[in-house]
>>> print(open('query38.txt').read())   # compact mmCIF, C-alpha atoms
# COMPACT_ATOMS: atom_id res chain seq x y z
CA MET A 1 -22.49 33.38 -90.19
CA SER A 2 -20.05 36.19 -90.95
CA THR A 3 -18.98 38.63 -88.27
CA SER A 4 -19.74 41.49 -90.65
CA ILE A 5 -23.45 40.53 -90.80
CA GLN A 6 -23.67 40.42 -87.02
CA GLN A 7 -21.92 43.78 -86.70
CA MET A 8 -24.13 45.35 -89.35
CA MET A 9 -27.33 44.13 -87.67
CA GLN A 10 -26.12 45.26 -84.25
CA GLN A 11 -25.42 48.74 -85.63
CA ILE A 12 -28.88 48.84 -87.25
CA GLY A 13 -30.41 47.77 -83.93
CA GLU A 14 -28.55 50.39 -81.92
CA GLN A 15 -29.54 53.11 -84.38
CA ALA A 16 -33.17 52.01 -84.32
CA ARG A 17 -33.29 51.99 -80.52
CA ALA A 18 -31.86 55.52 -80.35
CA ALA A 19 -34.32 56.73 -83.00
CA SER A 20 -37.27 55.11 -81.22
CA ARG A 21 -36.67 57.25 -78.12
CA TYR A 22 -36.75 60.39 -80.26
CA LEU A 23 -39.89 59.31 -82.13
CA ALA A 24 -41.75 58.55 -78.92
CA CYS A 25 -41.87 62.28 -78.12
CA THR A 26 -42.19 63.60 -81.67
CA THR A 27 -45.27 65.68 -82.43
CA THR A 28 -48.01 64.55 -84.77
CA ALA A 29 -47.31 67.52 -87.05
CA ILE A 30 -43.68 66.50 -87.57
CA LYS A 31 -44.60 62.87 -88.25
CA ASN A 32 -47.25 63.94 -90.74
CA SER A 33 -44.78 66.29 -92.42
CA ALA A 34 -42.39 63.39 -92.97
CA LEU A 35 -45.17 61.21 -94.40
CA LEU A 36 -46.27 63.92 -96.83
CA LYS A 37 -42.67 64.50 -97.92
CA MET A 38 -42.39 60.76 -98.61
CA ALA A 39 -45.47 60.98 -100.83
CA VAL A 40 -43.93 63.89 -102.76
CA ALA A 41 -40.63 62.02 -103.10
CA VAL A 42 -42.29 58.85 -104.38
CA ARG A 43 -44.10 60.78 -107.10
CA ALA A 44 -41.05 62.86 -108.00
CA HIS A 45 -38.79 59.82 -108.36
CA ARG A 46 -41.30 57.61 -110.19
CA SER A 47 -38.92 57.04 -113.12
CA SER A 48 -35.96 56.12 -110.90
CA LEU A 49 -38.14 53.74 -108.89
CA LYS A 50 -39.34 52.01 -112.05
CA GLU A 51 -35.75 51.68 -113.31
CA ALA A 52 -34.61 50.07 -110.07
CA ASN A 53 -37.68 47.86 -110.05
CA ALA A 54 -37.06 46.77 -113.66
CA GLN A 55 -33.71 45.34 -112.55
CA ASP A 56 -35.45 43.36 -109.81
CA CYS A 57 -38.10 42.07 -112.21
CA ALA A 58 -35.52 41.05 -114.83
CA ARG A 59 -33.56 39.12 -112.21
CA ALA A 60 -36.74 37.44 -110.93
CA LYS A 61 -37.74 36.36 -114.44
CA GLN A 62 -34.25 34.98 -115.03
CA ALA A 63 -34.58 33.02 -111.77
CA GLY A 64 -37.77 31.40 -113.10
CA HIS A 65 -40.39 33.03 -110.87
CA ASP A 66 -43.96 32.75 -112.15
CA ALA A 67 -46.19 35.51 -113.50
CA ALA A 68 -48.04 36.01 -110.21
CA PHE A 69 -44.74 36.55 -108.39
CA ILE A 70 -43.58 39.06 -111.01
CA ASP A 71 -46.91 40.87 -110.77
CA ARG A 72 -46.50 41.31 -106.98
CA LEU A 73 -42.95 42.55 -107.49
CA THR A 74 -43.67 45.08 -110.25
CA LEU A 75 -43.95 48.81 -109.52
CA THR A 76 -46.25 50.28 -112.15
CA ASP A 77 -47.32 53.93 -112.33
CA ASP A 78 -50.59 52.88 -110.68
CA VAL A 79 -48.85 51.05 -107.82
CA ILE A 80 -46.53 54.00 -107.20
CA GLU A 81 -49.44 56.44 -107.16
CA LYS A 82 -51.34 54.21 -104.72
CA MET A 83 -48.22 54.12 -102.56
CA ALA A 84 -48.19 57.93 -102.44
CA ILE A 85 -51.93 58.11 -101.74
CA GLY A 86 -51.50 55.58 -98.94
CA LEU A 87 -48.88 57.80 -97.31
CA GLU A 88 -51.26 60.77 -97.48
CA GLN A 89 -54.09 58.70 -96.02
CA ILE A 90 -51.96 57.59 -93.07
CA ALA A 91 -50.92 61.20 -92.46
CA ALA A 92 -54.62 62.09 -92.25
CA LEU A 93 -55.38 59.43 -89.62
CA PRO A 94 -55.71 60.37 -85.92
CA ASP A 95 -52.48 59.88 -83.98
CA PRO A 96 -53.04 57.35 -81.19
CA VAL A 97 -49.85 58.22 -79.29
CA GLY A 98 -50.40 60.09 -76.03
CA GLU A 99 -54.14 59.42 -75.91
CA ILE A 100 -55.33 59.12 -72.28
CA SER A 101 -58.27 56.86 -71.47
CA HIS A 102 -60.14 55.32 -68.52
CA LEU A 103 -59.12 58.13 -66.17
CA ARG A 104 -60.91 57.62 -62.86
CA MET A 105 -60.71 58.98 -59.33
CA ARG A 106 -59.67 56.58 -56.55
CA PRO A 107 -60.72 56.91 -52.86
CA SER A 108 -57.15 57.93 -52.02
CA GLY A 109 -57.51 61.04 -54.16
CA ILE A 110 -55.26 59.94 -57.02
CA GLN A 111 -56.53 59.65 -60.59
CA VAL A 112 -55.55 56.49 -62.45
CA GLY A 113 -55.72 56.13 -66.23
CA GLN A 114 -53.92 54.72 -69.22
CA MET A 115 -51.84 56.40 -71.91
CA ARG A 116 -51.24 54.96 -75.38
CA VAL A 117 -47.52 54.74 -76.22
CA PRO A 118 -45.40 53.32 -79.06
CA LEU A 119 -44.07 49.78 -78.86
CA GLY A 120 -40.54 51.01 -79.56
CA VAL A 121 -38.74 49.23 -82.41
CA VAL A 122 -40.78 47.14 -84.86
CA GLY A 123 -39.01 44.65 -87.12
CA ILE A 124 -40.89 43.69 -90.28
CA ILE A 125 -39.84 40.75 -92.46
CA TYR A 126 -41.66 40.46 -95.75
CA GLU A 127 -41.39 39.00 -99.20
CA SER A 128 -41.26 40.48 -102.68
CA ARG A 129 -43.76 43.37 -102.54
CA PRO A 130 -41.84 46.65 -102.50
CA ASN A 131 -45.02 48.64 -101.77
CA VAL A 132 -44.97 47.01 -98.30
CA THR A 133 -41.78 48.98 -97.61
CA MET A 134 -43.67 52.28 -97.73
CA ASP A 135 -46.78 50.92 -95.99
CA ALA A 136 -44.72 49.55 -93.10
CA ALA A 137 -42.53 52.63 -92.81
CA ALA A 138 -45.56 54.91 -92.73
CA LEU A 139 -47.55 52.95 -90.17
CA CYS A 140 -44.57 52.57 -87.85
CA LEU A 141 -43.63 56.24 -88.14
CA LYS A 142 -47.18 57.51 -87.50
CA SER A 143 -47.47 55.28 -84.42
CA GLY A 144 -44.14 56.59 -83.07
CA ASN A 145 -42.11 53.44 -83.67
CA ALA A 146 -38.71 53.01 -85.28
CA ALA A 147 -38.75 50.35 -88.00
CA ILE A 148 -36.25 47.79 -89.24
CA LEU A 149 -37.46 46.46 -92.58
CA ARG A 150 -36.14 43.34 -94.24
CA GLY A 151 -37.77 42.87 -97.63
CA GLY A 152 -37.46 39.93 -99.99
CA SER A 153 -34.11 39.57 -101.74
CA GLU A 154 -35.85 39.79 -105.13
CA ALA A 155 -36.84 43.42 -104.41
CA ILE A 156 -33.46 44.65 -103.14
CA ASN A 157 -32.99 47.39 -105.75
CA SER A 158 -36.54 48.72 -105.34
CA ASN A 159 -36.28 48.66 -101.55
CA THR A 160 -32.86 50.33 -101.55
CA MET A 161 -34.26 53.17 -103.64
CA LEU A 162 -37.30 53.51 -101.37
CA ALA A 163 -35.01 53.52 -98.31
CA GLN A 164 -33.12 56.49 -99.76
CA LEU A 165 -36.36 58.42 -100.31
CA ILE A 166 -37.55 57.63 -96.79
CA ALA A 167 -34.24 58.71 -95.20
CA GLN A 168 -34.26 61.95 -97.19
CA SER A 169 -37.84 62.75 -96.12
CA LEU A 170 -37.08 62.00 -92.47
CA THR A 171 -34.02 64.24 -92.48
CA GLU A 172 -35.88 67.10 -94.18
CA SER A 173 -38.53 66.85 -91.44
CA GLY A 174 -35.97 67.00 -88.63
CA LEU A 175 -36.32 63.32 -87.71
CA PRO A 176 -33.49 60.77 -87.33
CA GLU A 177 -32.73 59.15 -90.70
CA HIS A 178 -32.44 55.82 -88.84
CA ALA A 179 -36.07 55.96 -87.71
CA VAL A 180 -36.74 53.68 -90.69
CA GLN A 181 -33.97 51.36 -91.88
CA VAL A 182 -34.06 48.83 -94.70
CA VAL A 183 -31.62 45.95 -94.16
CA PRO A 184 -29.19 46.44 -97.08
CA THR A 185 -28.31 42.83 -97.79
CA THR A 186 -29.93 39.79 -99.39
CA ASP A 187 -28.00 37.43 -97.11
CA ARG A 188 -30.52 35.32 -95.17
CA ALA A 189 -28.12 35.34 -92.23
CA ALA A 190 -29.33 38.90 -91.55
CA VAL A 191 -32.80 37.51 -90.80
CA ASP A 192 -31.30 34.87 -88.49
CA VAL A 193 -29.70 37.65 -86.46
CA MET A 194 -32.68 39.98 -86.62
CA ILE A 195 -35.14 37.51 -85.12
CA THR A 196 -32.95 37.10 -82.02
CA MET A 197 -32.27 40.82 -81.36
CA THR A 198 -34.34 41.07 -78.20
CA GLN A 199 -32.20 43.93 -76.87
CA TYR A 200 -33.11 46.13 -79.86
CA ILE A 201 -36.40 44.92 -81.39
CA ASP A 202 -39.61 44.92 -79.35
CA VAL A 203 -41.84 43.05 -81.79
CA LEU A 204 -41.54 41.28 -85.15
CA ILE A 205 -44.24 41.33 -87.82
CA PRO A 206 -43.77 38.79 -90.61
CA ARG A 207 -45.66 39.37 -93.85
CA GLY A 208 -45.32 36.54 -96.29
CA GLY A 209 -46.07 32.94 -97.08
CA LYS A 210 -46.52 30.06 -94.68
CA SER A 211 -42.92 28.86 -95.08
CA LEU A 212 -41.52 32.22 -93.96
CA ILE A 213 -43.84 32.49 -90.96
CA ALA A 214 -43.33 28.85 -89.94
CA ARG A 215 -39.57 29.37 -90.04
CA LEU A 216 -39.80 32.44 -87.83
CA MET A 217 -42.13 30.70 -85.39
CA ASP A 218 -39.51 27.98 -84.99
CA SER A 219 -36.52 30.26 -84.53
CA ALA A 220 -37.52 33.76 -83.39
CA ARG A 221 -36.81 34.96 -79.86
CA VAL A 222 -38.41 38.37 -80.40
CA PRO A 223 -42.21 38.36 -79.82
CA MET A 224 -44.27 38.29 -83.02
CA ILE A 225 -47.60 39.61 -84.28
CA LYS A 226 -48.61 37.16 -86.99
CA HIS A 227 -50.99 34.64 -88.44
CA LEU A 228 -49.98 31.42 -90.16
CA ASP A 229 -53.12 30.28 -92.02
CA GLY A 230 -56.33 31.86 -93.21
CA ILE A 231 -58.71 28.91 -93.25
CA CYS A 232 -61.92 30.94 -93.28
CA HIS A 233 -65.45 29.50 -93.14
CA ILE A 234 -68.98 30.60 -93.87
CA TYR A 235 -71.74 28.58 -92.21
CA VAL A 236 -75.15 28.90 -93.91
CA ASP A 237 -77.81 28.20 -91.31
CA ALA A 238 -81.21 26.71 -92.20
CA THR A 239 -82.85 30.09 -91.46
CA ALA A 240 -80.57 32.02 -93.84
CA ASP A 241 -81.96 34.29 -96.53
CA ILE A 242 -81.08 32.38 -99.72
CA ASP A 243 -80.41 35.46 -101.84
CA LYS A 244 -78.16 36.98 -99.19
CA ALA A 245 -76.32 33.69 -98.73
CA ILE A 246 -75.67 33.27 -102.47
CA ARG A 247 -74.41 36.83 -102.82
CA VAL A 248 -72.13 36.67 -99.78
CA CYS A 249 -70.76 33.16 -100.40
CA ASP A 250 -69.99 34.07 -104.01
CA ASN A 251 -68.11 37.21 -102.97
CA ALA A 252 -66.25 35.54 -100.11
CA LYS A 253 -64.69 33.00 -102.48
CA THR A 254 -64.46 34.62 -105.89
CA GLN A 255 -63.79 38.35 -105.33
CA ARG A 256 -60.09 37.44 -104.95
CA TYR A 257 -58.45 34.07 -104.35
CA ALA A 258 -55.09 34.92 -102.78
CA PRO A 259 -55.96 37.02 -99.69
CA CYS A 260 -55.93 35.35 -96.30
CA ASN A 261 -59.57 36.38 -95.65
CA THR A 262 -60.98 34.48 -98.64
CA MET A 263 -63.42 31.68 -97.73
CA GLU A 264 -61.86 28.23 -98.07
CA THR A 265 -64.64 26.05 -96.61
CA LEU A 266 -68.40 26.43 -97.01
CA LEU A 267 -70.54 24.76 -94.33
CA VAL A 268 -74.22 24.29 -95.19
CA ASP A 269 -77.01 23.31 -92.79
CA THR A 270 -78.55 20.11 -94.21
CA PRO A 271 -82.20 21.34 -94.37
CA ILE A 272 -81.23 24.17 -96.74
CA ALA A 273 -78.64 22.27 -98.79
CA GLU A 274 -80.83 21.11 -101.70
CA GLN A 275 -82.10 24.64 -102.21
CA LEU A 276 -78.78 26.45 -101.84
CA LEU A 277 -76.04 24.19 -103.20
CA PRO A 278 -77.08 23.92 -106.88
CA ALA A 279 -77.45 27.70 -107.20
CA LEU A 280 -74.03 28.29 -105.64
CA ALA A 281 -72.35 25.45 -107.56
CA ARG A 282 -73.60 26.94 -110.83
CA ILE A 283 -71.94 30.26 -109.97
CA TYR A 284 -68.73 28.68 -108.75
CA GLN A 285 -68.27 26.41 -111.75
CA SER A 286 -69.00 29.28 -114.15
CA LYS A 287 -66.04 31.06 -112.56
CA GLY A 288 -63.75 28.03 -112.74
CA ILE A 289 -63.87 27.03 -109.07
CA GLU A 290 -63.01 23.41 -108.31
CA LEU A 291 -65.52 22.02 -105.78
CA ARG A 292 -64.33 19.48 -103.23
CA CYS A 293 -67.44 17.97 -101.71
CA CYS A 294 -68.46 15.87 -98.73
CA ALA A 295 -70.62 12.81 -99.50
CA VAL A 296 -73.92 14.63 -98.86
CA THR A 297 -72.92 17.62 -100.98
CA ARG A 298 -71.74 15.29 -103.76
CA ALA A 299 -75.04 13.41 -103.78
CA ILE A 300 -77.07 16.64 -104.03
CA LEU A 301 -74.95 18.06 -106.83
CA ASP A 302 -74.74 14.73 -108.70
CA ALA A 303 -78.53 14.55 -108.67
CA ALA A 304 -78.69 18.09 -110.02
CA GLY A 305 -76.49 17.10 -112.95
CA PHE A 306 -73.20 18.77 -111.99
CA LEU A 307 -69.96 17.31 -113.37
CA ASP A 308 -66.27 17.59 -112.49
CA LEU A 309 -66.85 17.37 -108.74
CA VAL A 310 -64.06 16.17 -106.45
CA ASP A 311 -64.52 14.12 -103.28
CA ALA A 312 -63.20 16.03 -100.28
CA THR A 313 -60.57 14.35 -98.12
CA PRO A 314 -59.90 15.09 -94.43
CA LEU A 315 -56.89 17.16 -95.54
CA ASP A 316 -59.17 19.55 -97.46
CA TRP A 317 -60.84 20.78 -94.28
CA SER A 318 -57.51 22.07 -92.95
CA THR A 319 -56.10 23.46 -96.22
CA GLU A 320 -55.71 27.12 -97.13
CA TYR A 321 -55.96 26.91 -100.91
CA LEU A 322 -55.35 30.55 -101.92
CA ALA A 323 -56.64 29.33 -105.28
CA PRO A 324 -59.93 28.71 -107.16
CA ILE A 325 -60.74 25.68 -105.00
CA LEU A 326 -63.51 25.42 -102.41
CA SER A 327 -64.31 22.65 -99.96
CA ILE A 328 -68.00 22.17 -99.09
CA ARG A 329 -69.50 20.20 -96.22
CA CYS A 330 -73.10 19.72 -95.12
CA VAL A 331 -73.56 19.80 -91.34
CA HIS A 332 -76.40 19.10 -88.94
CA GLY A 333 -76.98 22.48 -87.35
CA ILE A 334 -74.93 25.12 -85.62
CA ASP A 335 -73.33 22.75 -83.07
CA GLU A 336 -71.69 20.70 -85.79
CA ALA A 337 -70.68 23.85 -87.70
CA ILE A 338 -68.95 25.40 -84.68
CA ALA A 339 -67.26 22.08 -83.85
CA HIS A 340 -65.93 21.88 -87.42
CA ILE A 341 -64.58 25.44 -87.27
CA HIS A 342 -62.86 24.84 -83.94
CA ARG A 343 -61.28 21.63 -85.20
CA TYR A 344 -60.12 22.74 -88.64
CA GLY A 345 -60.10 26.55 -88.62
CA SER A 346 -57.15 28.86 -88.10
CA ALA A 347 -58.87 31.45 -85.86
CA HIS A 348 -58.68 34.04 -88.64
CA THR A 349 -62.19 34.92 -89.92
CA ASP A 350 -65.46 32.98 -89.82
CA ALA A 351 -69.03 34.00 -90.67
CA ILE A 352 -72.60 32.78 -90.26
CA MET A 353 -75.50 33.45 -92.62
CA THR A 354 -78.70 33.36 -90.56
CA GLU A 355 -81.93 35.24 -89.87
CA ASN A 356 -82.09 33.83 -86.33
CA HIS A 357 -80.82 36.38 -83.81
CA SER A 358 -80.12 33.81 -81.08
CA LYS A 359 -78.00 31.71 -83.41
CA ALA A 360 -76.16 34.78 -84.64
CA MET A 361 -75.30 35.85 -81.10
CA ARG A 362 -74.27 32.32 -80.17
CA PHE A 363 -71.95 32.13 -83.21
CA LEU A 364 -70.38 35.47 -82.24
CA ARG A 365 -69.78 34.29 -78.67
CA GLU A 366 -68.58 30.75 -79.31
CA VAL A 367 -66.45 30.95 -82.46
CA ASP A 368 -62.98 31.82 -81.20
CA SER A 369 -61.54 33.66 -84.20
CA SER A 370 -59.97 37.10 -84.57
CA SER A 371 -62.93 38.24 -86.71
CA VAL A 372 -66.41 36.71 -86.45
CA MET A 373 -69.18 37.95 -88.74
CA VAL A 374 -72.93 37.72 -89.23
CA ASN A 375 -74.40 37.96 -92.75
CA ALA A 376 -71.26 39.47 -94.30
CA SER A 377 -68.41 38.34 -96.53
CA THR A 378 -65.17 37.25 -94.87
CA ARG A 379 -63.41 39.55 -97.37
CA PHE A 380 -64.28 42.45 -95.05
CA ALA A 381 -61.64 41.28 -92.53
CA ASP A 382 -59.27 44.09 -93.45
CA GLY A 383 -57.89 47.17 -91.72
CA PHE A 384 -59.24 49.62 -94.30
CA GLU A 385 -62.73 48.05 -94.25
CA TYR A 386 -62.73 48.13 -90.43
CA GLY A 387 -62.03 51.86 -90.45
CA LEU A 388 -58.43 51.56 -89.26
CA GLY A 389 -57.24 53.46 -92.33
CA ALA A 390 -54.54 50.92 -93.07
CA GLU A 391 -53.13 47.75 -91.60
CA ILE A 392 -49.70 46.24 -91.22
CA GLY A 393 -51.09 42.71 -91.15
CA ILE A 394 -53.59 40.36 -89.54
CA SER A 395 -53.03 38.69 -86.19
CA ASN A 396 -54.82 35.59 -84.96
CA ASP A 397 -52.82 35.63 -81.74
CA LYS A 398 -54.69 36.40 -78.53
CA LEU A 399 -52.16 38.63 -76.81
CA HIS A 400 -51.56 42.29 -77.65
CA ALA A 401 -53.15 42.62 -81.10
CA ARG A 402 -55.87 40.48 -82.68
CA GLY A 403 -57.40 40.80 -86.13
CA PRO A 404 -56.31 43.60 -88.51
CA VAL A 405 -53.40 45.51 -86.96
CA GLY A 406 -53.51 49.25 -87.60
CA LEU A 407 -51.95 52.22 -85.82
CA GLU A 408 -53.50 51.35 -82.46
CA GLY A 409 -52.17 47.79 -82.75
CA LEU A 410 -48.66 49.23 -83.07
CA THR A 411 -48.99 50.90 -79.68
CA SER A 412 -49.33 49.71 -76.11
CA LEU A 413 -50.82 51.12 -72.91
CA LYS A 414 -49.09 52.25 -69.77
CA TYR A 415 -50.75 53.29 -66.53
CA ILE A 416 -50.53 56.92 -65.48
CA VAL A 417 -51.31 58.35 -62.06
CA LEU A 418 -52.21 62.00 -61.38
CA GLY A 419 -51.99 63.22 -57.81
CA GLN A 420 -51.79 66.32 -55.65
CA GLY A 421 -49.38 65.13 -52.97
CA GLU A 422 -51.34 62.07 -51.85
CA ILE A 423 -49.48 59.45 -49.80
CA ARG A 424 -50.43 55.85 -49.11
CA THR A 425 -51.41 55.08 -45.54
>>> encode(input="query38.txt", output="structure tokens")
Amino acid sequence: MSTSIQQMMQQIGEQARAASRYLACTTTAIKNSALLKMAVAVRAHRSSLKEANAQDCARAKQAGHDAAFIDRLTLTDDVIEKMAIGLEQIAALPDPVGEISHLRMRPSGIQVGQMRVPLGVVGIIYESRPNVTMDAAALCLKSGNAAILRGGSEAINSNTMLAQLIAQSLTESGLPEHAVQVVPTTDRAAVDVMITMTQYIDVLIPRGGKSLIARLMDSARVPMIKHLDGICHIYVDATADIDKAIRVCDNAKTQRYAPCNTMETLLVDTPIAEQLLPALARIYQSKGIELRCCAVTRAILDAAGFLDLVDATPLDWSTEYLAPILSIRCVHGIDEAIAHIHRYGSAHTDAIMTENHSKAMRFLREVDSSSVMVNASTRFADGFEYGLGAEIGISNDKLHARGPVGLEGLTSLKYIVLGQGEIRT
């Protein structure tokens, strides 16, 4: 690793730490002003952004990246407008910083409560989606955190241009230009340094594929907010409303394939299987979904005349497909369903379809995932849908933040004590 990379990352870290102290006491009005200026700048420089992005896309095509990759990388007029709207929406959200809660009087006469405060410096490592640059910058800024952003090398021109617009907006609002910094190199050595910068970075948030997150889990010394897999289940109980179950299970798999909250395994209570499975299989196959079936599911669908079925293997139960593939297993009741989820799930999002209140409450209590649902599509596991306004990612960790991570998830709590001269005796 070159000395220059280490020196550059140390300078970025020092600048971020200094900026974080300033941001921690910045007013909501100033933060919102910077966000709204960013939105204006993004719209005003639409043509320049598209020119920079065209260079990135041309290089990615030359490197042989597929159409889906190029689509994620491309900044269209629509994507740029959504970026600007997103900045305005975050500016409109309540500011969590400084909020005091749980204030209570103690017998000694002191009042003890908690105040919500920024985490400090947030490092975000992500792949080739330049719109994440603005999302991450905005969420960190609104929550009072300095941000160090390291985007995918394929988006370096787009991200460099966005970094200039962010710095300009910060300066015009009277904020340190280093409150948001984009790492200006494609050298992977910068990431190797960044993930060990415990003296400067308080938390890392990786946004990308499994290989990126697995690598960081192996090597990072800075604490992370992350999830690795999204192996999401829906269990259809014998008491489920068939129409509801068909509608929800269709949506959970086919509304979009790539998100981490898409259903990957359908669990069906055996007494309802012959009624439910053919109706669902007809929908899935009409939409080009490959069905990987347990023996019981296969027998039911074979008897109903379905073709092109695949026998599920043990590996299927623990696979996040992110593709038009669904594994299906028939189970004997809620005990077996919960046991399957605990063995093969990733603690991301799991749902039950049932009209039995006791079973619904039991599923909510016993399934140990970051989001657990009753009679709703797993696709709702999202910061916007949860009313957070926006999210910086999903966490299936148990400490600090769990589930969609919005502004509140980018803050912490400290105890405060209010007194009038009390002393401890």
>>> closest_residue(input="query38.txt", among="A:Arg106, A:Lys359, A:Lys414, A:Arg46", to="A:Leu165", atoms="only C-alpha atoms")
A:Arg46
>>> atom_distance(input="query38.txt", atom1="atom CA of A:Ala155", atom2="atom CA of A:Arg256")
24.0 Å
>>> closest_residue(input="query38.txt", among="A:Ala347, A:Cys25, A:Ala295, A:Ile30", to="A:Leu170", atoms="only C-alpha atoms")
A:Ile30
>>> atom_distance(input="query38.txt", atom1="atom CA of A:Met38", atom2="atom CA of A:Tyr22")
19.2 Å
>>> residues_around(input="query38.txt", residues="A:Met115", least_positions_apart="4", cutoff="12 Å", atoms="only C-alpha atoms", output="PyMOL selection string")
chain A and resi 96-103+408+411-418
>>> residues_around(input="query38.txt", residues="A:Asn261", least_positions_apart="2", cutoff="9 Å", atoms="all atoms listed in the file", output="number ranges by chain")
A: 230-232, 252, 258-259, 263-264, 348-350, 378-382
>>> residues_near_point(input="query38.txt", point="(-67.4, 21.5, -104.5)", cutoff="6 Å", atoms="only C-alpha atoms", output="tab-separated table (two decimals) with C-alpha atoms, keeping the file's coordinate frame")
chain	number	residue	atom	x	y	z
A	291	LEU	CA	-65.52	22.02	-105.78
A	292	ARG	CA	-64.33	19.48	-103.23
A	293	CYS	CA	-67.44	17.97	-101.71
A	309	LEU	CA	-66.85	17.37	-108.74
A	326	LEU	CA	-63.51	25.42	-102.41
A	327	SER	CA	-64.31	22.65	-99.96
A	328	ILE	CA	-68.00	22.17	-99.09
>>> closest_residue(input="query38.txt", among="A:Glu422, A:Asp237, A:Glu366, A:Glu14", to="A:His178", atoms="all atoms listed in the file")
A:Glu14
>>> closest_residue(input="query38.txt", among="A:Arg221, A:Lys31, A:Arg104, A:Arg362", to="A:Ala92", atoms="all atoms listed in the file")
A:Lys31
>>> decode(input="query38.txt", residues="stretch 160-173 of chain A", atoms="N, CA, C and O atoms", output="mmCIF file, in the first residue's frame")
data_model
loop_
_atom_site.group_PDB
_atom_site.id
_atom_site.type_symbol
_atom_site.label_atom_id
_atom_site.label_comp_id
_atom_site.auth_asym_id
_atom_site.auth_seq_id
_atom_site.Cartn_x
_atom_site.Cartn_y
_atom_site.Cartn_z
ATOM 1 N N THR A 160 -17.439 12.282 -8.339
ATOM 2 C CA THR A 160 -16.590 13.468 -8.211
ATOM 3 C C THR A 160 -17.389 14.736 -8.487
ATOM 4 O O THR A 160 -17.263 15.744 -7.767
ATOM 5 N N MET A 161 -18.232 14.675 -9.509
ATOM 6 C CA MET A 161 -19.081 15.825 -9.835
ATOM 7 C C MET A 161 -20.068 16.100 -8.700
ATOM 8 O O MET A 161 -20.271 17.244 -8.286
ATOM 9 N N LEU A 162 -20.689 15.069 -8.173
ATOM 10 C CA LEU A 162 -21.631 15.233 -7.066
ATOM 11 C C LEU A 162 -20.915 15.789 -5.835
ATOM 12 O O LEU A 162 -21.477 16.629 -5.113
ATOM 13 N N ALA A 163 -19.683 15.340 -5.592
ATOM 14 C CA ALA A 163 -18.913 15.838 -4.445
ATOM 15 C C ALA A 163 -18.684 17.339 -4.555
ATOM 16 O O ALA A 163 -18.746 18.075 -3.554
ATOM 17 N N GLN A 164 -18.436 17.821 -5.776
ATOM 18 C CA GLN A 164 -18.229 19.256 -5.977
ATOM 19 C C GLN A 164 -19.505 20.040 -5.670
ATOM 20 O O GLN A 164 -19.456 21.107 -5.031
ATOM 21 N N LEU A 165 -20.650 19.503 -6.107
ATOM 22 C CA LEU A 165 -21.920 20.186 -5.837
ATOM 23 C C LEU A 165 -22.236 20.193 -4.349
ATOM 24 O O LEU A 165 -22.761 21.185 -3.818
ATOM 25 N N ILE A 166 -21.940 19.095 -3.669
ATOM 26 C CA ILE A 166 -22.180 19.014 -2.222
ATOM 27 C C ILE A 166 -21.306 20.031 -1.485
ATOM 28 O O ILE A 166 -21.786 20.780 -0.625
ATOM 29 N N ALA A 167 -20.000 20.053 -1.815
ATOM 30 C CA ALA A 167 -19.071 20.970 -1.144
ATOM 31 C C ALA A 167 -19.490 22.419 -1.352
ATOM 32 O O ALA A 167 -19.455 23.246 -0.423
ATOM 33 N N GLN A 168 -19.911 22.748 -2.577
ATOM 34 C CA GLN A 168 -20.352 24.102 -2.878
ATOM 35 C C GLN A 168 -21.577 24.482 -2.039
ATOM 36 O O GLN A 168 -21.646 25.571 -1.466
ATOM 37 N N SER A 169 -22.535 23.554 -1.922
ATOM 38 C CA SER A 169 -23.756 23.823 -1.159
ATOM 39 C C SER A 169 -23.462 23.972 0.327
ATOM 40 O O SER A 169 -24.056 24.820 1.014
ATOM 41 N N LEU A 170 -22.543 23.156 0.835
ATOM 42 C CA LEU A 170 -22.164 23.251 2.247
ATOM 43 C C LEU A 170 -21.534 24.608 2.534
ATOM 44 O O LEU A 170 -21.881 25.278 3.516
ATOM 45 N N THR A 171 -20.598 25.004 1.681
ATOM 46 C CA THR A 171 -19.906 26.277 1.878
ATOM 47 C C THR A 171 -20.874 27.451 1.822
ATOM 48 O O THR A 171 -20.816 28.367 2.649
ATOM 49 N N GLU A 172 -21.788 27.432 0.859
ATOM 50 C CA GLU A 172 -22.771 28.513 0.726
ATOM 51 C C GLU A 172 -23.688 28.608 1.944
ATOM 52 O O GLU A 172 -24.258 29.668 2.224
ATOM 53 N N SER A 173 -23.838 27.490 2.662
ATOM 54 C CA SER A 173 -24.704 27.463 3.849
ATOM 55 C C SER A 173 -23.932 27.729 5.129
ATOM 56 O O SER A 173 -24.507 27.687 6.225
#
